[in-house]
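Undergrad: File name entry.cif; file contents mmCIF, C-alpha atoms and all ligand atoms; full text below.
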```cif
data_final
#
loop_
_atom_site.label_atom_id
_atom_site.label_comp_id
_atom_site.auth_asym_id
_atom_site.auth_seq_id
_atom_site.Cartn_x
_atom_site.Cartn_y
_atom_site.Cartn_z
CA MET A 3 -22.98 334.30 74.81
CA SER A 4 -24.60 331.86 77.24
CA ASP A 5 -23.70 331.89 80.93
CA VAL A 6 -22.16 328.46 80.56
CA LEU A 7 -19.83 329.63 77.80
CA ARG A 8 -18.93 332.80 79.69
CA GLN A 9 -18.04 330.71 82.73
CA LEU A 10 -15.94 328.33 80.63
CA ARG A 11 -14.05 331.26 79.14
CA GLN A 12 -13.33 332.63 82.62
CA GLN A 13 -12.04 329.23 83.70
CA HIS A 14 -9.81 329.20 80.64
CA VAL A 15 -8.29 332.51 81.71
CA ALA A 16 -7.82 331.11 85.24
CA ALA A 17 -6.02 328.07 83.79
CA GLU A 18 -3.63 330.37 81.96
CA ALA A 19 -2.95 332.12 85.26
CA ARG A 20 -1.60 328.79 86.50
CA PRO A 21 1.17 328.15 83.97
CA ARG A 22 3.51 325.16 83.79
CA LEU A 23 5.98 324.52 86.56
CA LEU A 24 9.14 325.95 85.00
CA HIS A 25 7.34 329.14 84.09
CA ARG A 26 5.29 329.56 87.25
CA TYR A 27 8.22 329.38 89.66
CA ALA A 28 10.96 330.60 87.31
CA ALA A 29 12.10 333.19 89.87
CA PHE A 30 13.14 330.36 92.21
CA LEU A 31 14.65 328.01 89.60
CA PRO A 32 18.12 327.86 87.98
CA LEU A 33 16.78 328.78 84.53
CA THR A 34 18.42 330.91 81.85
CA GLU A 35 17.14 332.21 78.51
CA ALA A 36 18.77 329.17 76.93
CA THR A 37 16.86 326.63 79.07
CA PRO A 38 14.35 324.84 76.79
CA PRO A 39 10.68 325.09 77.93
CA LEU A 40 10.19 321.36 78.57
CA SER A 41 6.85 320.17 80.04
CA LEU A 42 4.63 317.12 80.32
CA GLY A 43 2.18 319.09 82.50
CA GLU A 44 3.90 318.48 85.85
CA GLY A 45 3.09 320.29 89.10
CA GLY A 46 -0.13 322.04 90.10
CA THR A 47 -1.21 318.92 92.01
CA PRO A 48 -4.25 318.99 94.34
CA LEU A 49 -4.12 319.64 98.08
CA VAL A 50 -7.09 317.73 99.49
CA HIS A 51 -8.61 318.16 102.94
CA ALA A 52 -8.79 314.56 104.30
CA GLN A 53 -11.71 315.06 106.63
CA ARG A 54 -12.74 311.45 107.31
CA LEU A 55 -9.20 310.13 107.78
CA GLY A 56 -8.27 313.23 109.77
CA ARG A 57 -11.18 312.69 112.16
CA GLU A 58 -10.20 309.07 112.61
CA ILE A 59 -6.60 309.80 113.59
CA GLY A 60 -7.47 312.85 115.68
CA CYS A 61 -6.08 315.47 113.27
CA PRO A 62 -9.05 317.30 111.74
CA GLU A 63 -6.81 319.70 109.79
CA LEU A 64 -5.13 316.91 107.79
CA TYR A 65 -4.33 317.64 104.12
CA LEU A 66 -2.96 315.38 101.39
CA LYS A 67 -0.67 316.69 98.64
CA LEU A 68 -1.46 314.32 95.80
CA GLU A 69 1.84 314.01 93.97
CA GLY A 70 0.70 310.82 92.24
CA LEU A 71 -1.22 313.11 89.87
CA ASN A 72 1.97 314.23 88.15
CA PRO A 73 2.39 313.02 84.51
CA THR A 74 4.27 309.79 85.29
CA GLY A 75 2.40 309.25 88.56
CA SER A 76 4.99 310.45 91.09
CA PHE A 77 6.63 313.55 92.57
CA LYS A 78 9.81 312.80 90.63
CA ASP A 79 8.49 314.72 87.60
CA ARG A 80 8.97 318.10 89.32
CA GLY A 81 12.70 317.57 89.67
CA MET A 82 13.10 315.64 86.44
CA VAL A 83 11.68 318.39 84.24
CA VAL A 84 14.32 320.79 85.57
CA ALA A 85 17.17 318.23 85.44
CA VAL A 86 16.36 317.21 81.85
CA ALA A 87 15.83 320.80 80.64
CA LYS A 88 19.23 321.74 82.13
CA ALA A 89 20.81 318.62 80.57
CA LEU A 90 19.42 319.66 77.17
CA GLU A 91 20.69 323.19 77.70
CA ALA A 92 24.17 321.79 78.43
CA GLY A 93 24.12 319.76 75.19
CA ALA A 94 23.61 316.30 76.76
CA ARG A 95 22.61 313.38 74.55
CA SER A 96 22.04 310.76 77.21
CA LEU A 97 20.60 310.46 80.76
CA ILE A 98 21.40 307.84 83.37
CA CYS A 99 19.87 306.96 86.77
CA ALA A 100 19.55 304.26 89.40
CA SER A 101 16.04 303.67 90.64
CA THR A 102 13.55 301.71 92.66
CA GLY A 103 11.14 302.51 89.81
CA ASN A 104 9.68 306.00 89.99
CA THR A 105 12.84 307.91 89.12
CA SER A 106 13.38 305.65 86.10
CA ALA A 107 9.79 306.06 84.89
CA SER A 108 10.15 309.83 85.13
CA ALA A 109 13.63 309.97 83.57
CA ALA A 110 12.45 307.76 80.69
CA ALA A 111 9.39 309.95 80.00
CA TYR A 112 11.24 313.28 80.04
CA GLY A 113 14.13 311.69 78.12
CA ALA A 114 11.66 310.58 75.43
CA SER A 115 10.04 314.00 75.32
CA ALA A 116 13.45 315.69 75.03
CA GLY A 117 14.74 313.22 72.42
CA LEU A 118 17.53 311.96 74.70
CA GLU A 119 18.66 308.39 75.26
CA THR A 120 17.81 307.21 78.81
CA ILE A 121 19.69 304.45 80.65
CA VAL A 122 18.30 303.08 83.90
CA VAL A 123 19.98 300.66 86.29
CA LEU A 124 17.58 298.78 88.58
CA PRO A 125 17.74 296.09 91.25
CA ALA A 126 16.49 292.97 89.39
CA GLY A 127 13.15 291.56 90.49
CA ARG A 128 12.31 294.34 92.95
CA ILE A 129 10.56 296.92 90.78
CA ALA A 130 6.76 297.27 90.86
CA ALA A 131 5.22 296.19 87.56
CA GLY A 132 3.68 299.56 86.69
CA LYS A 133 6.97 301.43 87.11
CA LEU A 134 9.07 299.01 85.08
CA VAL A 135 6.78 299.03 82.04
CA GLN A 136 6.66 302.84 82.11
CA ALA A 137 10.43 303.01 81.59
CA GLN A 138 10.44 300.22 79.01
CA LEU A 139 7.60 301.64 76.91
CA ALA A 140 9.23 305.08 76.90
CA GLY A 141 12.22 303.46 75.23
CA ALA A 142 14.71 303.55 78.10
CA ARG A 143 17.58 301.05 78.02
CA VAL A 144 16.87 299.11 81.22
CA VAL A 145 19.70 297.22 82.93
CA ALA A 146 18.60 294.96 85.82
CA ILE A 147 21.48 294.21 88.20
CA ASP A 148 21.93 291.46 90.72
CA GLY A 149 22.15 293.93 93.63
CA ASP A 150 20.14 296.53 95.53
CA PHE A 151 19.40 300.23 95.00
CA ASP A 152 22.56 301.31 96.81
CA ASP A 153 24.64 299.18 94.40
CA ALA A 154 22.78 300.66 91.42
CA LEU A 155 23.40 304.24 92.59
CA ARG A 156 27.10 303.55 93.14
CA LEU A 157 27.36 302.11 89.60
CA VAL A 158 25.56 304.95 87.80
CA ARG A 159 27.58 307.61 89.64
CA GLU A 160 30.76 305.92 88.40
CA LEU A 161 29.39 305.36 84.86
CA ALA A 162 28.40 309.04 84.63
CA ARG A 163 31.97 309.95 85.65
CA GLN A 164 33.55 307.57 83.12
CA GLY A 165 31.05 308.19 80.30
CA ALA A 166 32.79 311.08 78.55
CA GLN A 167 36.17 309.27 78.34
CA LEU A 168 34.45 306.13 77.03
CA GLY A 169 32.69 308.11 74.28
CA HIS A 170 29.29 308.01 76.06
CA PRO A 171 28.85 311.39 77.80
CA THR A 172 25.81 311.03 80.02
CA THR A 173 24.06 313.17 82.66
CA LEU A 174 23.23 311.68 86.06
CA VAL A 175 19.60 312.50 86.98
CA ASN A 176 19.32 310.98 90.46
CA SER A 177 18.56 313.44 93.24
CA VAL A 178 22.30 314.02 93.80
CA ASN A 179 21.84 316.21 90.68
CA PRO A 180 21.03 319.59 92.31
CA HIS A 181 18.52 320.48 89.57
CA ARG A 182 16.30 317.64 90.83
CA ILE A 183 16.09 319.20 94.29
CA ALA A 184 15.49 322.65 92.77
CA GLY A 185 12.48 321.35 90.85
CA GLN A 186 11.07 319.29 93.72
CA LYS A 187 11.05 322.26 96.10
CA THR A 188 8.18 323.76 94.01
CA ALA A 189 5.80 321.38 95.81
CA ALA A 190 6.43 323.34 99.03
CA PHE A 191 5.60 326.58 97.17
CA GLU A 192 2.28 325.10 96.01
CA VAL A 193 1.39 323.95 99.53
CA CYS A 194 1.97 327.50 100.85
CA ASP A 195 0.10 329.08 97.91
CA ASP A 196 -2.91 326.81 98.48
CA LEU A 197 -3.05 327.16 102.29
CA GLY A 198 -2.21 330.87 102.29
CA GLY A 199 0.84 330.15 104.48
CA ALA A 200 3.03 327.27 105.60
CA PRO A 201 1.36 324.36 107.45
CA ASP A 202 2.30 323.59 111.06
CA TYR A 203 3.62 320.13 110.07
CA LEU A 204 4.85 318.59 106.81
CA ALA A 205 4.89 314.77 106.90
CA ILE A 206 6.73 312.89 104.17
CA PRO A 207 8.13 309.44 103.27
CA VAL A 208 11.94 309.30 103.29
CA GLY A 209 14.08 307.10 101.05
CA ASN A 210 17.17 308.80 99.64
CA ALA A 211 16.03 311.86 101.59
CA GLY A 212 16.07 314.08 98.48
CA ASN A 213 12.42 315.05 98.71
CA ILE A 214 12.41 316.04 102.40
CA SER A 215 15.51 318.17 101.70
CA ALA A 216 13.79 319.73 98.69
CA TYR A 217 10.65 320.66 100.66
CA TRP A 218 12.78 322.28 103.37
CA LYS A 219 14.61 324.28 100.70
CA GLY A 220 11.27 325.36 99.26
CA PHE A 221 9.83 326.52 102.60
CA SER A 222 13.11 328.30 103.35
CA ASP A 223 13.15 330.07 99.95
CA TYR A 224 9.56 331.26 100.44
CA GLN A 225 10.34 332.51 103.94
CA ALA A 226 13.49 334.31 102.74
CA ALA A 227 11.42 335.97 99.99
CA GLY A 228 8.90 337.16 102.60
CA LEU A 229 6.10 335.08 101.09
CA VAL A 230 5.49 333.08 104.30
CA GLU A 231 6.26 333.90 107.92
CA ASN A 232 7.03 330.43 109.26
CA ARG A 233 8.35 327.09 108.15
CA PRO A 234 6.67 323.80 109.17
CA ILE A 235 7.97 321.16 111.56
CA LEU A 236 9.20 318.26 109.41
CA LEU A 237 8.08 314.70 110.12
CA GLY A 238 9.97 312.18 107.96
CA PHE A 239 9.11 308.49 107.94
CA GLN A 240 11.24 305.61 106.71
CA ALA A 241 10.23 302.00 106.16
CA ALA A 242 11.47 300.11 109.20
CA GLY A 243 13.08 297.51 106.89
CA ALA A 244 15.79 300.09 106.15
CA ALA A 245 15.78 303.14 108.37
CA PRO A 246 19.41 304.23 108.51
CA LEU A 247 18.54 307.75 109.64
CA VAL A 248 16.78 306.34 112.67
CA LEU A 249 19.33 304.92 115.07
CA GLY A 250 18.64 301.38 116.17
CA HIS A 251 16.12 300.62 113.45
CA ARG A 252 18.33 299.05 110.81
CA VAL A 253 17.15 295.48 110.38
CA ASP A 254 17.56 293.26 107.37
CA HIS A 255 14.06 292.81 106.01
CA PRO A 256 14.39 292.17 102.27
CA GLU A 257 10.74 291.24 101.75
CA THR A 258 9.41 294.62 102.86
CA ILE A 259 6.64 295.78 100.55
CA ALA A 260 7.52 299.46 100.78
CA THR A 261 10.32 298.93 98.28
CA ALA A 262 10.42 302.52 97.09
CA ILE A 263 11.76 303.67 100.42
CA ARG A 264 13.99 300.68 101.14
CA ILE A 265 17.33 302.42 100.79
CA GLY A 266 20.30 301.62 103.00
CA ASP A 267 22.42 304.72 102.53
CA PRO A 268 20.36 307.84 101.73
CA ALA A 269 22.22 310.04 99.24
CA SER A 270 20.85 313.24 100.84
CA GLY A 271 20.92 311.94 104.42
CA GLU A 272 23.00 314.78 105.83
CA GLN A 273 20.80 317.54 104.40
CA ALA A 274 17.73 315.72 105.72
CA LEU A 275 19.10 315.51 109.25
CA ARG A 276 19.99 319.20 109.15
CA ALA A 277 16.47 320.06 107.92
CA ARG A 278 14.97 317.89 110.65
CA ASP A 279 16.96 319.72 113.34
CA GLU A 280 16.36 323.22 111.94
CA SER A 281 12.62 322.54 111.87
CA GLY A 282 12.53 320.95 115.33
CA GLY A 283 11.09 317.81 113.73
CA ARG A 284 11.79 314.10 113.66
CA ILE A 285 12.62 311.28 111.28
CA GLU A 286 11.25 307.95 112.46
CA ALA A 287 10.62 304.41 111.29
CA VAL A 288 7.21 302.94 110.50
CA SER A 289 6.57 299.22 110.04
CA ASP A 290 5.19 297.60 106.90
CA GLU A 291 2.01 296.77 108.83
CA GLU A 292 1.52 300.43 109.79
CA ILE A 293 2.24 301.55 106.21
CA LEU A 294 -0.22 299.06 104.72
CA ALA A 295 -2.96 299.98 107.22
CA ALA A 296 -2.57 303.64 106.17
CA TYR A 297 -2.51 302.59 102.49
CA ARG A 298 -5.87 300.84 102.85
CA ASP A 299 -7.38 303.67 104.94
CA LEU A 300 -6.38 306.32 102.41
CA ALA A 301 -8.36 304.43 99.76
CA ARG A 302 -11.27 303.39 102.01
CA LEU A 303 -11.84 306.70 103.81
CA GLU A 304 -10.65 309.26 101.26
CA GLY A 305 -10.75 307.55 97.86
CA VAL A 306 -7.04 308.24 97.50
CA PHE A 307 -5.26 305.34 95.80
CA CYS A 308 -1.51 305.63 96.34
CA GLU A 309 1.38 303.22 96.16
CA PRO A 310 2.28 301.62 99.52
CA ALA A 311 5.48 303.63 100.16
CA SER A 312 3.46 306.84 99.79
CA ALA A 313 1.30 305.94 102.78
CA ALA A 314 4.28 306.12 105.16
CA ALA A 315 3.57 309.79 105.98
CA VAL A 316 0.00 309.04 107.07
CA ALA A 317 1.16 305.96 109.03
CA GLY A 318 3.70 308.14 110.80
CA VAL A 319 1.30 310.98 111.60
CA ARG A 320 -1.17 308.47 113.03
CA LYS A 321 1.59 307.12 115.30
CA VAL A 322 2.86 310.53 116.46
CA ALA A 323 -0.72 311.78 117.03
CA ALA A 324 -1.51 308.68 119.12
CA GLU A 325 1.39 309.66 121.40
CA GLY A 326 -0.39 312.96 121.97
CA ALA A 327 2.53 314.83 120.40
CA ILE A 328 0.40 316.84 117.92
CA ASP A 329 -2.01 319.64 118.87
CA PRO A 330 -5.40 318.67 117.33
CA SER A 331 -5.82 322.15 115.84
CA ALA A 332 -2.51 321.86 113.91
CA THR A 333 -2.52 321.97 110.11
CA ILE A 334 -0.72 318.89 108.80
CA VAL A 335 0.17 318.20 105.18
CA CYS A 336 1.05 314.60 104.23
CA VAL A 337 2.88 314.23 100.93
CA ILE A 338 1.39 311.32 98.97
CA THR A 339 4.33 310.66 96.68
CA GLY A 340 3.12 308.14 94.08
CA HIS A 341 -0.02 306.74 92.41
CA GLY A 342 -1.61 303.41 93.38
CA LEU A 343 -1.62 302.10 89.81
CA LYS A 344 2.17 301.92 89.98
CA ASP A 345 1.91 298.74 92.02
CA PRO A 346 -1.06 296.59 90.99
CA GLU A 347 0.29 293.55 92.86
CA ALA A 348 0.29 295.36 96.22
CA ALA A 349 -3.22 296.60 95.46
CA ALA A 350 -4.50 293.12 94.64
CA ALA A 351 -2.93 291.68 97.80
CA ASN A 352 -4.74 294.28 99.93
CA ALA A 353 -8.09 294.44 98.15
CA PRO A 354 -11.23 292.81 99.58
CA ALA A 355 -12.61 289.88 97.57
CA THR A 356 -15.23 290.37 94.85
CA LEU A 357 -18.67 288.78 95.25
CA ALA A 358 -19.47 286.01 92.74
CA ALA A 359 -23.01 285.77 91.36
CA ALA A 360 -25.11 284.31 88.55
CA ALA A 361 -26.03 286.84 85.82
CA THR A 362 -29.55 287.25 87.18
CA ILE A 363 -31.33 289.72 89.47
CA GLU A 364 -31.79 286.96 92.02
CA GLY A 365 -28.12 286.00 91.79
CA VAL A 366 -26.85 289.57 92.39
CA ARG A 367 -29.43 290.11 95.17
CA GLU A 368 -28.28 286.94 96.85
CA ALA A 369 -24.62 287.98 96.59
CA LEU A 370 -25.50 291.37 98.14
CA GLY A 371 -27.60 289.78 100.85
CA TRP A 372 -30.70 291.81 99.81
N1 LIG B 401 7.91 307.78 97.77
C1 LIG B 401 8.02 307.15 96.60
C2 LIG B 401 6.78 306.66 95.92
C3 LIG B 401 9.31 306.97 96.01
O1 LIG B 401 9.42 306.35 94.84
C4 LIG B 401 10.45 307.44 96.70
C5 LIG B 401 11.78 307.29 96.13
C6 LIG B 401 10.25 308.08 97.93
C7 LIG B 401 8.98 308.23 98.44
C8 LIG B 401 11.39 308.61 98.73
O2 LIG B 401 11.85 309.84 98.21
O3 LIG B 401 14.24 309.23 97.91
O4 LIG B 401 13.52 311.61 97.81
O5 LIG B 401 13.52 310.39 99.98
N2 LIG B 401 12.01 306.63 95.07
C9 LIG B 401 13.32 306.60 94.41
C10 LIG B 401 13.23 306.00 93.02
C11 LIG B 401 14.42 306.05 95.22
O6 LIG B 401 14.23 305.48 92.50
O7 LIG B 401 12.17 306.06 92.40
P1 LIG B 401 13.37 310.31 98.50
#
```
With the file now loaded, output its structure as C-alpha cells.
Ligand code: F0G
TA:
Amino acid sequence: MSDVLRQLRQQHVAAEARPRLLHRYAAFLPLTEATPPLSLGEGGTPLVHAQRLGREIGCPELYLKLEGLNPTGSFKDRGMVVAVAKALEAGARSLICASTGNTSASAAAYGASAGLETIVVLPAGRIAAGKLVQAQLAGARVVAIDGDFDDALRLVRELARQGAQLGHPTTLVNSVNPHRIAGQKTAAFEVCDDLGGAPDYLAIPVGNAGNISAYWKGFSDYQAAGLVENRPILLGFQAAGAAPLVLGHRVDHPETIATAIRIGDPASGEQALRARDESGGRIEAVSDEEILAAYRDLARLEGVFCEPASAAAVAGVRKVAAEGAIDPSATIVCVITGHGLKDPEAAAANAPATLAAAATIEGVREALGW
C-alpha cells in the first residue's frame, strides 16, 4: 500500500473517532435507547486561531468557533437535532417555532429529515433572504405575521399548548424547549476539547439568551465531571437596537441590520443573567456600526464570512479590550453563530465595488492600475 493510501486510511480511522454529536456527547445528553439516531452532520465545527484580527484588537490569543459550518449554517442545529430526536421519540408528528430565520431553517431541515411537518411563524419582511428560502425549500409551512419576533414567540407557545385539543398536536422547538439547550451546550465541550481546557473568556452574541445559557451549562457540566478545572468569564453582546438585558440601552431602532439578535424580551433572560453573575462577566450592548465593522474585519483579516449578528461577539471584545479590561495574554473564544451566505443583502451592502474592464489584457491592466 502506498504511503498516501496508508495516511488516508489513518485519517479515516481518526474521523470515526469523532462521531456525530448525539453519539459523541451521549453521556451529557438526555438520550435513551429509544431516541432515534438523527443526524445531518452537525457539530465538530472548527476553532480557528484569529491571529491577524487578534493582533489588531490587542488580543493575540483570540479564537473563533465557526458555528456557521453546521449543516444549515448556524449553531441552532446542535440543539435542534436533540429537540427533534426527542420529539420523534415522544411520537410527535409536527414541529412549531417562532424565528428570526435561523431557528426556522434548522427546524425545517431536521423536520424534513425526520419526516415531520414543520410550522414556522416569522415577522413578515424581516427575515434574511437565505434563511427564508431554507425553510421554504425544506417544505416548512411558513406563516409571516404582521408583528415582531416577540409576538411570534407568544403565538407559537399558545398554539403548541392548544394544538392537541384542536387535533394538531405539535412540539415547540424554540430554545424554551430544554432539549435545545442540552444540544447547544455541546459547543462548550468542543471548545474545551480543542483547547485542552476552558478559555479565559467566552464572547457570544445574545438574542433570546438561549445560547449563552447553553454554553454556561456546558462549561459547568464539564467542570462537574472533572474534565476542566475552570469555567470562562462570559461576555455577552446584544444589538443596541434591542438590549433589554442591558439597563438603559433599550431604544426603538427598527431598521437595525442585526435582526437575528433584535429581540425585546429574551426567553432565557434570567438564566443568562445568572450565568453572567456566576462567571463574573458582563452583558453589554454594541451598536450596528460596531457590529458591521467587526463583520467586515472578520472577512477582510481572517477570511471568515459570517452573518452580521454573528460579528457582535468580536465587536464587543474589541470594545472591552480597548477599555484595557482584558489581559493581553488571555485566551478568548468568540462564537461566530451563523454563516455569511444567510444574508446576501447585508453582504452586498458592505462589499467593496468590483472593477469594470474591457475583455482585454490592456483593459484588465488598466483596471488594476498596472
Ligand atoms: N446569532 C444568530 C446568527 C442568531 O440567529 C441568533 C438567534 C443569535 C445569535 C442569538 O442566540 O437567541 O440563543 O441568544 N436567532 C434566533 C432565531 C432568535 O430565531 O433564529 P440566542
Undergrad: Would you mind listing, for every residue of chain A within 7 Å of ligand LIG 401 (chain B), the two atoms forming the shortest contact and the distance between them in Å to one decimal, using all atoms listed in the file, sorted by chain and ascending residue number, as a tab-separated table?
TA:
```
residue	atom	partner	partner_atom	distance
A:Ser76	CA	B:LIG401	C2	6.4
A:Ala100	CA	B:LIG401	O6	6.3
A:Ser101	CA	B:LIG401	O6	3.2
A:Thr102	CA	B:LIG401	O6	3.8
A:Gly103	CA	B:LIG401	O7	4.5
A:Asn104	CA	B:LIG401	O7	3.5
A:Thr105	CA	B:LIG401	O7	3.8
A:Ser106	CA	B:LIG401	O7	6.4
A:Pro207	CA	B:LIG401	C7	5.1
A:Val208	CA	B:LIG401	O5	3.8
A:Gly209	CA	B:LIG401	O5	3.5
A:Asn210	CA	B:LIG401	O3	3.4
A:Ala211	CA	B:LIG401	O5	3.3
A:Gly212	CA	B:LIG401	O4	3.6
A:Asn213	CA	B:LIG401	O4	3.7
A:Ile214	CA	B:LIG401	O5	6.2
A:Ala262	CA	B:LIG401	O1	4.6
A:Ile263	CA	B:LIG401	C8	5.2
A:Glu309	CA	B:LIG401	C2	6.4
A:Ala311	CA	B:LIG401	N1	5.4
A:Ser312	CA	B:LIG401	N1	5.0
A:Thr339	CA	B:LIG401	N1	4.7
A:Gly340	CA	B:LIG401	C2	4.4
```
Undergrad: Restricting the calculation to only C-alpha atoms, which member of A:Ile293, A:Ala36, A:Leu71, A:Val135 is positioned closest to Ala89 (chain A)?
TA: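 Under the stated criterion, the closest residue is A:Ala36.
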Undergrad: Using all atoms listed in the file, which protein or nucleic acid residues come within 8 Å of Glu91 (chain A)? Drop anything in the same chain fewer than 2 positions from it, and give the result as a list in words.
TA: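 Counting all atoms listed in the file, the residues come to Ala36, Thr37, Pro38, Ala87, Lys88, Ala89, Gly93 and Ala94 of chain A.
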Undergrad: Hey, can you spit out that residue selection with C-alpha atoms as a PDB file, in the coordinates of the input?
TA:
```
ATOM      1  CA  ALA A  36      18.770 329.170  76.930  1.00  0.00           C
ATOM      2  CA  THR A  37      16.860 326.630  79.070  1.00  0.00           C
ATOM      3  CA  PRO A  38      14.350 324.840  76.790  1.00  0.00           C
ATOM      4  CA  ALA A  87      15.830 320.800  80.640  1.00  0.00           C
ATOM      5  CA  LYS A  88      19.230 321.740  82.130  1.00  0.00           C
ATOM      6  CA  ALA A  89      20.810 318.620  80.570  1.00  0.00           C
ATOM      7  CA  GLY A  93      24.120 319.760  75.190  1.00  0.00           C
ATOM      8  CA  ALA A  94      23.610 316.300  76.760  1.00  0.00           C
TER       9      ALA A  94
END
```
Undergrad: Please provide the set of residues having any atom within 10 Å of Asp150 (chain A), restricted to all atoms listed in the file, with same-chain residues fewer than 4 positions apart removed, written as a ChimeraX atom specification.
TA: /A:100-102,124-128,146,154-155,256,264-266
Undergrad: With all atoms listed in the file as the counted atoms, please give the residues lying no more than 9 Å from Ile235 (chain A), apart from itself and same-chain residues fewer than 2 positions off, as a list in words.
TA: Pro201, Asp202, Tyr203, Leu204, Ala205, Arg233, Leu237, Arg278, Glu280, Ser281, Gly282, Gly283 and Arg284 of chain A
Undergrad: Residues at most 9 Å from Leu49 (chain A), counting all atoms listed in the file, excluding those fewer than 2 positions away in the same chain, as a PyMOL selection string?
TA: chain A and resi 47+51+65-68+192-193+196-197+335
Undergrad: Looking at all atoms listed in the file, which of A:Gly43, A:Gly141, A:Gly199, A:Gly238 is the one that sits closest to Gly318 (chain A)?
TA: A:Gly238
Undergrad: Can you list every residue of region 92-132 of chain A that has an atom at most 6 Å from region 165-186 of chain A, with its nearest atom pair and the distance in Å to one decimal, using only C-alpha atoms, ordered by chain then number, as a Markdown table?
TA:
```
| residue | atom | partner | partner_atom | distance |
| --- | --- | --- | --- | --- |
| A:Ser96 | CA | A:Thr172 | CA | 4.7 |
| A:Leu97 | CA | A:Thr173 | CA | 4.8 |
| A:Ile98 | CA | A:Leu174 | CA | 5.0 |
| A:Cys99 | CA | A:Asn176 | CA | 5.5 |
```
